[in-house]
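Data block for protein-v8.pdb (PDB, C-alpha atoms and all ligand atoms):
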ATOM      1  CA  MET I   1      -2.439 -16.178  18.876
ATOM      2  CA  LYS I   2      -6.177 -16.067  18.219
ATOM      3  CA  VAL I   3      -7.521 -16.357  14.675
ATOM      4  CA  VAL I   4     -11.054 -15.051  14.141
ATOM      5  CA  GLU I   5     -13.280 -14.850  11.087
ATOM      6  CA  THR I   6     -16.336 -12.978  12.304
ATOM      7  CA  ILE I   7     -16.818  -9.333  13.251
ATOM      8  CA  ALA I   8     -18.614 -10.393  16.454
ATOM      9  CA  GLU I   9     -15.635 -12.510  17.603
ATOM     10  CA  MET I  10     -13.198  -9.729  16.730
ATOM     11  CA  ARG I  11     -15.183  -7.215  18.794
ATOM     12  CA  GLN I  12     -15.324  -9.617  21.730
ATOM     13  CA  LEU I  13     -11.547 -10.193  21.680
ATOM     14  CA  ARG I  14     -10.896  -6.474  21.273
ATOM     15  CA  GLU I  15     -12.463  -5.825  24.676
ATOM     16  CA  GLN I  16      -9.832  -8.036  26.315
ATOM     17  CA  LEU I  17      -6.777  -6.519  24.607
ATOM     18  CA  ILE I  18      -4.373  -4.389  26.604
ATOM     19  CA  GLU I  19      -4.089  -0.796  25.292
ATOM     20  CA  PRO I  20      -2.531   0.550  23.131
ATOM     21  CA  VAL I  21      -3.485  -1.698  20.232
ATOM     22  CA  GLY I  22      -1.375  -1.683  17.050
ATOM     23  CA  PHE I  23      -3.120  -2.742  13.848
ATOM     24  CA  VAL I  24      -1.705  -3.834  10.470
ATOM     25  CA  PRO I  25      -4.284  -4.219   7.673
ATOM     26  CA  THR I  26      -3.053  -6.497   4.854
ATOM     27  CA  MET I  27      -4.184  -8.604   1.931
ATOM     28  CA  GLY I  28      -1.854 -11.413   3.036
ATOM     29  CA  TYR I  29       0.815 -13.361   1.100
ATOM     30  CA  PHE I  30       3.421 -11.813   3.340
ATOM     31  CA  HIS I  31       6.802 -10.454   2.276
ATOM     32  CA  GLU I  32       9.417  -8.347   4.058
ATOM     33  CA  GLY I  33       7.359  -5.161   3.547
ATOM     34  CA  HIS I  34       4.501  -6.601   5.602
ATOM     35  CA  LEU I  35       6.949  -7.893   8.206
ATOM     36  CA  SER I  36       8.440  -4.443   8.764
ATOM     37  CA  LEU I  37       4.955  -3.115   9.623
ATOM     38  CA  ILE I  38       4.104  -6.064  11.869
ATOM     39  CA  ARG I  39       7.434  -5.825  13.714
ATOM     40  CA  ARG I  40       7.049  -2.092  14.273
ATOM     41  CA  ALA I  41       3.525  -2.650  15.592
ATOM     42  CA  ARG I  42       4.884  -5.392  17.886
ATOM     43  CA  ALA I  43       7.661  -3.120  19.178
ATOM     44  CA  GLU I  44       5.332  -0.190  19.912
ATOM     45  CA  ASN I  45       2.209  -1.835  21.360
ATOM     46  CA  PRO I  46       1.368  -4.462  23.988
ATOM     47  CA  SER I  47      -1.347  -5.783  21.652
ATOM     48  CA  VAL I  48      -1.068  -6.417  17.912
ATOM     49  CA  VAL I  49      -3.930  -7.182  15.521
ATOM     50  CA  VAL I  50      -3.251  -8.108  11.879
ATOM     51  CA  SER I  51      -6.034  -8.449   9.312
ATOM     52  CA  ILE I  52      -5.825 -10.558   6.174
ATOM     53  CA  PHE I  53      -8.550  -9.687   3.692
ATOM     54  CA  VAL I  54      -8.291  -9.544  -0.093
ATOM     55  CA  ASN I  55     -10.758  -6.716  -0.592
ATOM     56  CA  PRO I  56     -12.800  -7.174  -3.790
ATOM     57  CA  ALA I  57     -14.016  -3.556  -3.621
ATOM     58  CA  GLN I  58     -10.566  -2.172  -4.465
ATOM     59  CA  PHE I  59     -10.047  -4.293  -7.591
ATOM     60  CA  GLY I  60     -11.367  -3.133 -10.980
ATOM     61  CA  PRO I  61     -13.444  -5.550 -13.080
ATOM     62  CA  GLN I  62     -10.440  -6.340 -15.331
ATOM     63  CA  GLU I  63      -8.014  -6.650 -12.385
ATOM     64  CA  ASP I  64      -6.554  -9.660 -10.578
ATOM     65  CA  PHE I  65      -8.942 -10.189  -7.620
ATOM     66  CA  SER I  66      -9.549 -13.879  -8.280
ATOM     67  CA  SER I  67      -5.923 -14.701  -9.153
ATOM     68  CA  TYR I  68      -4.383 -12.526  -6.393
ATOM     69  CA  PRO I  69      -1.854 -14.753  -4.529
ATOM     70  CA  ARG I  70      -3.149 -16.240  -1.284
ATOM     71  CA  ASP I  71      -1.447 -18.542   1.237
ATOM     72  CA  PRO I  72      -3.230 -18.256   4.601
ATOM     73  CA  GLN I  73      -1.435 -21.231   6.164
ATOM     74  CA  ARG I  74       2.012 -19.766   5.505
ATOM     75  CA  ASP I  75       0.812 -16.299   6.620
ATOM     76  CA  LEU I  76      -0.537 -17.674   9.913
ATOM     77  CA  ALA I  77       2.753 -19.488  10.634
ATOM     78  CA  ILE I  78       4.608 -16.187  10.083
ATOM     79  CA  LEU I  79       2.195 -14.249  12.309
ATOM     80  CA  GLU I  80       2.586 -16.831  15.053
ATOM     81  CA  LYS I  81       6.380 -16.424  14.886
ATOM     82  CA  GLU I  82       6.029 -12.624  15.021
ATOM     83  CA  LYS I  83       3.930 -12.982  18.200
ATOM     84  CA  THR I  84       0.753 -11.486  16.808
ATOM     85  CA  ASP I  85      -2.097 -11.463  19.336
ATOM     86  CA  VAL I  86      -5.119 -11.528  17.029
ATOM     87  CA  VAL I  87      -5.523 -12.313  13.327
ATOM     88  CA  PHE I  88      -8.755 -11.111  11.743
ATOM     89  CA  MET I  89      -9.544 -13.028   8.525
ATOM     90  CA  PRO I  90     -13.123 -12.261   7.507
ATOM     91  CA  SER I  91     -14.828 -13.699   4.442
ATOM     92  CA  VAL I  92     -16.099 -11.403   1.673
ATOM     93  CA  ALA I  93     -19.694 -12.130   2.801
ATOM     94  CA  GLU I  94     -18.812 -11.101   6.367
ATOM     95  CA  MET I  95     -17.459  -7.716   5.210
ATOM     96  CA  TYR I  96     -19.911  -7.113   2.351
ATOM     97  CA  PRO I  97     -23.277  -8.736   3.050
ATOM     98  CA  PRO I  98     -25.720  -8.619   0.110
ATOM     99  CA  ASP I  99     -27.457  -5.493   1.418
ATOM    100  CA  PHE I 100     -24.186  -3.523   1.828
ATOM    101  CA  ASP I 101     -24.748   0.051   0.546
ATOM    102  CA  SER I 102     -22.367   2.539   2.224
ATOM    103  CA  TRP I 103     -19.092   3.804   0.766
ATOM    104  CA  VAL I 104     -16.333   6.152   1.871
ATOM    105  CA  GLU I 105     -15.189   8.592  -0.822
ATOM    106  CA  VAL I 106     -12.106  10.751  -0.308
ATOM    107  CA  SER I 107     -12.053  13.429  -3.049
ATOM    108  CA  LYS I 108      -9.247  15.350  -4.791
ATOM    109  CA  VAL I 109      -6.151  13.359  -3.718
ATOM    110  CA  THR I 110      -7.831  10.267  -5.179
ATOM    111  CA  GLU I 111      -8.286  11.876  -8.604
ATOM    112  CA  ARG I 112      -4.637  11.583  -9.631
ATOM    113  CA  LEU I 113      -2.014   8.842 -10.152
ATOM    114  CA  GLU I 114      -3.410   5.473  -8.956
ATOM    115  CA  GLY I 115      -6.893   6.987  -8.650
ATOM    116  CA  ALA I 116      -6.832   8.125 -12.280
ATOM    117  CA  SER I 117      -5.520   4.769 -13.540
ATOM    118  CA  ARG I 118      -7.720   2.617 -11.298
ATOM    119  CA  PRO I 119     -11.213   4.196 -11.026
ATOM    120  CA  GLY I 120     -12.961   3.171  -7.808
ATOM    121  CA  HIS I 121      -9.786   1.740  -6.267
ATOM    122  CA  PHE I 122      -9.517   4.239  -3.408
ATOM    123  CA  ARG I 123     -13.264   4.120  -2.732
ATOM    124  CA  GLY I 124     -12.751   0.406  -2.070
ATOM    125  CA  VAL I 125      -9.624   1.014   0.005
ATOM    126  CA  ALA I 126     -11.143   3.827   2.119
ATOM    127  CA  THR I 127     -14.334   1.858   2.719
ATOM    128  CA  VAL I 128     -12.623  -1.338   3.851
ATOM    129  CA  VAL I 129     -10.080   0.508   6.006
ATOM    130  CA  ALA I 130     -12.867   2.542   7.664
ATOM    131  CA  LYS I 131     -14.756  -0.693   8.371
ATOM    132  CA  LEU I 132     -11.619  -2.369   9.745
ATOM    133  CA  PHE I 133     -10.886   0.649  11.975
ATOM    134  CA  ASN I 134     -14.460   0.517  13.328
ATOM    135  CA  ILE I 135     -14.230  -3.204  14.002
ATOM    136  CA  VAL I 136     -10.674  -3.357  15.443
ATOM    137  CA  GLN I 137     -10.627   0.113  17.078
ATOM    138  CA  PRO I 138      -6.839   0.387  17.005
ATOM    139  CA  THR I 139      -4.768   3.002  18.806
ATOM    140  CA  ARG I 140      -2.294   3.039  15.920
ATOM    141  CA  ALA I 141      -2.431   1.618  12.406
ATOM    142  CA  TYR I 142       0.604   0.887  10.227
ATOM    143  CA  PHE I 143       0.859   1.424   6.467
ATOM    144  CA  GLY I 144       3.724   1.285   3.944
ATOM    145  CA  GLN I 145       5.245   4.201   2.018
ATOM    146  CA  LYS I 146       5.371   1.783  -0.944
ATOM    147  CA  ASP I 147       1.705   2.677  -1.472
ATOM    148  CA  ALA I 148       2.320   6.399  -0.977
ATOM    149  CA  GLN I 149      -1.036   7.623  -2.300
ATOM    150  CA  GLN I 150      -2.903   5.047  -0.205
ATOM    151  CA  ALA I 151      -1.189   6.379   2.934
ATOM    152  CA  ILE I 152      -2.150   9.951   1.948
ATOM    153  CA  VAL I 153      -5.787   8.926   1.349
ATOM    154  CA  ILE I 154      -6.023   7.092   4.688
ATOM    155  CA  LYS I 155      -4.509  10.032   6.603
ATOM    156  CA  LYS I 156      -6.982  12.396   4.917
ATOM    157  CA  MET I 157      -9.934  10.110   5.725
ATOM    158  CA  VAL I 158      -8.839   9.837   9.373
ATOM    159  CA  ALA I 159      -8.477  13.625   9.674
ATOM    160  CA  ASP I 160     -11.679  14.512   7.797
ATOM    161  CA  LEU I 161     -13.870  11.945   9.574
ATOM    162  CA  ASN I 162     -12.320  12.556  13.037
ATOM    163  CA  MET I 163     -11.231   8.957  13.489
ATOM    164  CA  ASP I 164      -9.463   8.578  16.807
ATOM    165  CA  LEU I 165      -6.231   6.800  15.926
ATOM    166  CA  GLU I 166      -2.680   7.470  14.799
ATOM    167  CA  ILE I 167      -1.485   6.534  11.290
ATOM    168  CA  ILE I 168       2.151   5.435  11.051
ATOM    169  CA  VAL I 169       3.815   5.160   7.640
ATOM    170  CA  MET I 170       6.852   2.881   7.363
ATOM    171  CA  PRO I 171       9.654   3.137   4.751
ATOM    172  CA  THR I 172       9.570   0.995   1.612
ATOM    173  CA  VAL I 173      11.354  -2.345   1.961
ATOM    174  CA  ARG I 174      13.383  -3.323  -1.114
ATOM    175  CA  ASP I 175      15.169  -6.399  -2.416
ATOM    176  CA  SER I 176      18.967  -6.054  -2.666
ATOM    177  CA  ASP I 177      18.736  -4.801  -6.280
ATOM    178  CA  GLY I 178      16.271  -2.067  -5.316
ATOM    179  CA  LEU I 179      12.966  -3.639  -6.417
ATOM    180  CA  ALA I 180      10.319  -2.849  -3.792
ATOM    181  CA  THR I 181       8.966  -6.065  -2.273
ATOM    182  CA  SER I 182       5.370  -6.634  -3.386
ATOM    183  CA  THR I 183       2.888  -9.478  -3.527
ATOM    184  CA  ARG I 184       2.570  -8.905  -7.268
ATOM    185  CA  ASN I 185       6.321  -9.596  -7.755
ATOM    186  CA  ALA I 186       5.265 -13.257  -7.460
ATOM    187  CA  TYR I 187       3.707 -12.923 -10.944
ATOM    188  CA  LEU I 188       7.071 -12.035 -12.571
ATOM    189  CA  ASN I 189       9.043 -14.647 -14.499
ATOM    190  CA  ILE I 190      12.855 -14.541 -14.379
ATOM    191  CA  GLU I 191      13.208 -12.141 -17.325
ATOM    192  CA  GLU I 192      10.477  -9.859 -16.020
ATOM    193  CA  ARG I 193      11.981  -9.871 -12.529
ATOM    194  CA  GLN I 194      15.246  -8.634 -14.053
ATOM    195  CA  ALA I 195      13.416  -5.999 -16.134
ATOM    196  CA  ALA I 196      11.494  -4.776 -13.062
ATOM    197  CA  ILE I 197      14.683  -3.200 -11.686
ATOM    198  CA  VAL I 198      14.023  -0.346 -14.134
ATOM    199  CA  LEU I 199      11.457   1.152 -11.727
ATOM    200  CA  TYR I 200      14.006   1.738  -8.987
ATOM    201  CA  LYS I 201      16.681   2.713 -11.512
ATOM    202  CA  SER I 202      14.476   5.506 -12.836
ATOM    203  CA  LEU I 203      13.615   6.712  -9.313
ATOM    204  CA  SER I 204      17.341   6.734  -8.497
ATOM    205  CA  LEU I 205      17.984   8.701 -11.681
ATOM    206  CA  ALA I 206      15.463  11.325 -10.532
ATOM    207  CA  GLN I 207      17.220  11.591  -7.177
ATOM    208  CA  GLN I 208      20.580  11.872  -8.897
ATOM    209  CA  LEU I 209      19.389  14.611 -11.271
ATOM    210  CA  TRP I 210      17.902  16.485  -8.327
ATOM    211  CA  SER I 211      21.148  16.276  -6.349
ATOM    212  CA  GLN I 212      23.067  17.559  -9.397
ATOM    213  CA  GLY I 213      20.892  20.672  -9.279
ATOM    214  CA  GLU I 214      18.198  19.885 -11.879
ATOM    215  CA  ARG I 215      14.941  21.614 -10.873
ATOM    216  CA  ASP I 216      12.898  21.328 -14.099
ATOM    217  CA  ALA I 217      10.356  18.615 -13.184
ATOM    218  CA  GLU I 218       9.389  17.839 -16.782
ATOM    219  CA  HIS I 219      13.034  17.379 -17.717
ATOM    220  CA  ILE I 220      13.450  14.835 -14.896
ATOM    221  CA  ARG I 221      10.214  13.044 -15.835
ATOM    222  CA  GLN I 222      11.404  12.891 -19.453
ATOM    223  CA  GLN I 223      14.782  11.417 -18.467
ATOM    224  CA  MET I 224      12.970   8.803 -16.359
ATOM    225  CA  ARG I 225      10.654   7.891 -19.262
ATOM    226  CA  THR I 226      13.595   7.592 -21.652
ATOM    227  CA  LEU I 227      15.356   5.201 -19.269
ATOM    228  CA  ILE I 228      12.225   3.054 -18.809
ATOM    229  CA  GLN I 229      11.507   2.969 -22.545
ATOM    230  CA  LYS I 230      14.903   1.327 -23.105
ATOM    231  CA  GLU I 231      13.540  -1.724 -21.286
ATOM    232  CA  PRO I 232      11.589  -3.765 -23.908
ATOM    233  CA  LEU I 233       9.334  -5.493 -21.327
ATOM    234  CA  ALA I 234       8.289  -2.197 -19.680
ATOM    235  CA  THR I 235       5.225  -0.072 -20.548
ATOM    236  CA  ILE I 236       4.798   3.213 -18.673
ATOM    237  CA  ASP I 237       1.438   4.016 -17.085
ATOM    238  CA  TYR I 238       2.582   7.251 -15.414
ATOM    239  CA  VAL I 239       5.720   9.013 -14.188
ATOM    240  CA  SER I 240       5.006  11.765 -11.676
ATOM    241  CA  ILE I 241       6.812  14.416  -9.646
ATOM    242  CA  ALA I 242       4.195  15.847  -7.349
ATOM    243  CA  ASP I 243       3.522  17.665  -4.116
ATOM    244  CA  PRO I 244       3.302  14.899  -1.458
ATOM    245  CA  GLU I 245       0.208  16.466   0.138
ATOM    246  CA  THR I 246      -1.927  17.525  -2.811
ATOM    247  CA  LEU I 247      -0.345  15.215  -5.441
ATOM    248  CA  LYS I 248      -0.393  18.136  -7.900
ATOM    249  CA  GLU I 249       2.322  17.835 -10.549
ATOM    250  CA  MET I 250       5.242  20.240 -10.093
ATOM    251  CA  ASP I 251       6.800  22.476 -12.753
ATOM    252  CA  ARG I 252       9.834  23.378 -10.666
ATOM    253  CA  VAL I 253      10.902  20.695  -8.175
ATOM    254  CA  LYS I 254      10.451  21.896  -4.598
ATOM    255  CA  THR I 255      11.185  19.648  -1.635
ATOM    256  CA  PRO I 256       9.649  17.513  -0.413
ATOM    257  CA  ALA I 257       8.634  16.049  -3.769
ATOM    258  CA  LEU I 258       7.005  12.661  -4.302
ATOM    259  CA  VAL I 259       8.522  10.972  -7.342
ATOM    260  CA  SER I 260       6.260   8.065  -8.238
ATOM    261  CA  LEU I 261       5.541   5.784 -11.128
ATOM    262  CA  ALA I 262       3.440   2.888 -12.361
ATOM    263  CA  VAL I 263       4.932   0.604 -14.982
ATOM    264  CA  GLU I 264       3.714  -2.620 -16.511
ATOM    265  CA  ILE I 265       6.388  -5.286 -16.767
ATOM    266  CA  GLY I 266       4.871  -7.738 -19.221
ATOM    267  CA  LYS I 267       1.314  -7.954 -17.850
ATOM    268  CA  VAL I 268       2.276  -7.150 -14.236
ATOM    269  CA  ARG I 269       1.545  -3.600 -13.076
ATOM    270  CA  LEU I 270       4.069  -2.385 -10.494
ATOM    271  CA  ILE I 271       4.234   0.894  -8.561
ATOM    272  CA  ASP I 272       7.050   2.533  -6.600
ATOM    273  CA  ASN I 273       8.116   5.934  -5.314
ATOM    274  CA  VAL I 274      10.767   7.933  -3.497
ATOM    275  CA  VAL I 275      10.499  11.224  -1.650
ATOM    276  CA  VAL I 276      13.131  13.787  -2.619
ATOM    277  CA  GLU I 277      13.928  16.057   0.326
TER     278      GLU I 277
HETATM  279  P1  LIG J   1      -1.011  -5.263   0.939
HETATM  280  O1  LIG J   1      -1.093  -6.605   1.577
HETATM  281  O2  LIG J   1      -0.327  -5.279  -0.393
HETATM  282  O3  LIG J   1      -2.333  -4.529   0.923
HETATM  283  O4  LIG J   1      -0.061  -4.380   1.856
HETATM  284  C1  LIG J   1      -0.309  -4.236   3.233
HETATM  285  C2  LIG J   1       0.518  -3.101   3.759
HETATM  286  O5  LIG J   1       1.910  -3.381   3.527
HETATM  287  C3  LIG J   1       0.224  -1.758   3.070
HETATM  288  O6  LIG J   1       0.203  -0.728   4.044
HETATM  289  C4  LIG J   1       1.392  -1.606   2.134
HETATM  290  O7  LIG J   1       1.705  -0.250   1.845
HETATM  291  C5  LIG J   1       2.506  -2.251   2.933
HETATM  292  N1  LIG J   1       3.613  -2.648   2.047
HETATM  293  C6  LIG J   1       3.512  -3.372   0.901
HETATM  294  N2  LIG J   1       4.732  -3.489   0.320
HETATM  295  C7  LIG J   1       5.607  -2.818   1.100
HETATM  296  C8  LIG J   1       7.003  -2.567   1.046
HETATM  297  N3  LIG J   1       7.773  -3.040   0.057
HETATM  298  N4  LIG J   1       7.561  -1.830   2.022
HETATM  299  C9  LIG J   1       6.802  -1.337   3.032
HETATM  300  N5  LIG J   1       5.484  -1.538   3.166
HETATM  301  C10 LIG J   1       4.887  -2.272   2.211
END

Spell out the structure here as structure tokens.
Amino acid sequence: MKVVETIAEMRQLREQLIEPVGFVPTMGYFHEGHLSLIRRARAENPSVVVSIFVNPAQFGPQEDFSSYPRDPQRDLAILEKEKTDVVFMPSVAEMYPPDFDSWVEVSKVTERLEGASRPGHFRGVATVVAKLFNIVQPTRAYFGQKDAQQAIVIKKMVADLNMDLEIIVMPTVRDSDGLATSTRNAYLNIEERQAAIVLYKSLSLAQQLWSQGERDAEHIRQQMRTLIQKEPLATIDYVSIADPETLKEMDRVKTPALVSLAVEIGKVRLIDNVVVE
């Protein structure tokens, strides 16, 4: 396994990799969700590149960029075990030199949900992912359904800007009680970890109501909110039932429907989703 920190070294190594090249962009501090992407990339490609970069451009000024969990030594040991070929770990200065002035903006699908709650977030995501695609030049790149809107934004950017690679979206990995694995789960204390189950419970409730024949989207959203509000540590940011392509809210539930939510548990903001089909 080769570990490189500069764009020049990454480009040089890229020339020697056997095609096709699978690529997994991450912010590190690996959990089972990351591993599912890395393993799929390993199974489908003779060469695997993983990037670890906590991207300041996708964090708002009041968000957790500086406190975001980092453990590069542990991450590298995991990547070695998973037989990764190249790890790209650039510094912030390498990715954003002082004269950096170009940004990738995907419109419309970024205006809702996470985009509405976190202004500038997807501009940061699209820009760093476009840069990483240009540097790594992967054949396929792997993303998680856990960040459903992110996957939609990346697919739209790739289509609109004619980027020559395939985007593969992998199912959400969950702990045994249903909580989606996430780096930010590390912030939860024991009580909050218990309370966090309410996200998956409310998504399961939506699925259950749908399978019982309920088609009034606002009724389902309301039932989800009522369930979450019973949890004293939980504060709802949004509860959504939307078209998975446009992210427009539905009145009547038509399949496929993306049921998604963002909830603060204490001070920790968590997101999750399921697709009803
Ligand atoms: P991050 O390091 O949080 O930026 O995540 C890197 C990639 O892992 C993104 O494509 C995420 O969508 C994906 N990911 C994060 N959590 C999960 C999960 N629980 N299941 C599947 N994929 C995930």

Of the listed residues I:Ala148, I:Met95, I:Ile167, I:Val276, that which approaches Ile135 of chain I most closely, counting all atoms listed in the file: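 Checking each candidate against Ile135 of chain I, we get I:Met95 as the closest.
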
Answer key for the PyMOL selection byres (((not hetatm)) within 8 of (chain J and resi 1)), residues as a ChimeraX atom specification: /I:24-34,36-37,52,54,142-148,150-151,169-174,180-183

How about saving the chosen residues, C-alpha atoms kept, as a PDB file, in the coordinates of the input?
ATOM      1  CA  VAL I  24      -1.705  -3.834  10.470  1.00  0.00           C
ATOM      2  CA  PRO I  25      -4.284  -4.219   7.673  1.00  0.00           C
ATOM      3  CA  THR I  26      -3.053  -6.497   4.854  1.00  0.00           C
ATOM      4  CA  MET I  27      -4.184  -8.604   1.931  1.00  0.00           C
ATOM      5  CA  GLY I  28      -1.854 -11.413   3.036  1.00  0.00           C
ATOM      6  CA  TYR I  29       0.815 -13.361   1.100  1.00  0.00           C
ATOM      7  CA  PHE I  30       3.421 -11.813   3.340  1.00  0.00           C
ATOM      8  CA  HIS I  31       6.802 -10.454   2.276  1.00  0.00           C
ATOM      9  CA  GLU I  32       9.417  -8.347   4.058  1.00  0.00           C
ATOM     10  CA  GLY I  33       7.359  -5.161   3.547  1.00  0.00           C
ATOM     11  CA  HIS I  34       4.501  -6.601   5.602  1.00  0.00           C
ATOM     12  CA  SER I  36       8.440  -4.443   8.764  1.00  0.00           C
ATOM     13  CA  LEU I  37       4.955  -3.115   9.623  1.00  0.00           C
ATOM     14  CA  ILE I  52      -5.825 -10.558   6.174  1.00  0.00           C
ATOM     15  CA  VAL I  54      -8.291  -9.544  -0.093  1.00  0.00           C
ATOM     16  CA  TYR I 142       0.604   0.887  10.227  1.00  0.00           C
ATOM     17  CA  PHE I 143       0.859   1.424   6.467  1.00  0.00           C
ATOM     18  CA  GLY I 144       3.724   1.285   3.944  1.00  0.00           C
ATOM     19  CA  GLN I 145       5.245   4.201   2.018  1.00  0.00           C
ATOM     20  CA  LYS I 146       5.371   1.783  -0.944  1.00  0.00           C
ATOM     21  CA  ASP I 147       1.705   2.677  -1.472  1.00  0.00           C
ATOM     22  CA  ALA I 148       2.320   6.399  -0.977  1.00  0.00           C
ATOM     23  CA  GLN I 150      -2.903   5.047  -0.205  1.00  0.00           C
ATOM     24  CA  ALA I 151      -1.189   6.379   2.934  1.00  0.00           C
ATOM     25  CA  VAL I 169       3.815   5.160   7.640  1.00  0.00           C
ATOM     26  CA  MET I 170       6.852   2.881   7.363  1.00  0.00           C
ATOM     27  CA  PRO I 171       9.654   3.137   4.751  1.00  0.00           C
ATOM     28  CA  THR I 172       9.570   0.995   1.612  1.00  0.00           C
ATOM     29  CA  VAL I 173      11.354  -2.345   1.961  1.00  0.00           C
ATOM     30  CA  ARG I 174      13.383  -3.323  -1.114  1.00  0.00           C
ATOM     31  CA  ALA I 180      10.319  -2.849  -3.792  1.00  0.00           C
ATOM     32  CA  THR I 181       8.966  -6.065  -2.273  1.00  0.00           C
ATOM     33  CA  SER I 182       5.370  -6.634  -3.386  1.00  0.00           C
ATOM     34  CA  THR I 183       2.888  -9.478  -3.527  1.00  0.00           C
TER      35      THR I 183
END

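Here the question is which of I:Val268, I:Leu113, I:Val50, I:Leu35 gets nearest to Glu192 of chain I using all atoms listed in the file, and that residue is I:Val268.
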
Selection result of the PyMOL selection byres (((chain I and resi 117) around 12) and not hetatm) on this file, as an MDAnalysis selection string: chainID I and resid 59:60 63 110:116 118:122 236:238 261:263 269 271

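Interatomic distance, atom CA of Glu94 of chain I to atom CA of Ile152 of chain I: 27.2 Å.
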
Best match for closeness to Glu9 of chain I among I:Gln62, I:Val87, I:Tyr68, I:Trp103, counting only C-alpha atoms: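 Comparing I:Gln62, I:Val87, I:Tyr68, I:Trp103 against Glu9 of chain I, the winner is I:Val87.
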
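Of the listed residues I:Pro56, I:Pro72, I:Pro98, I:Pro61, the one whose atoms come nearest to Thr127 of chain I is I:Pro56, with distances taken using all atoms listed in the file.
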
Thr226 of chain I surroundings by all atoms listed in the file, 12 Å radius, close-in-sequence under 4 positions cut, as an NGL selection string: :I and (198 or 201-202 or 205-206 or 219-222 or 230-232 or 234-236 or 239)
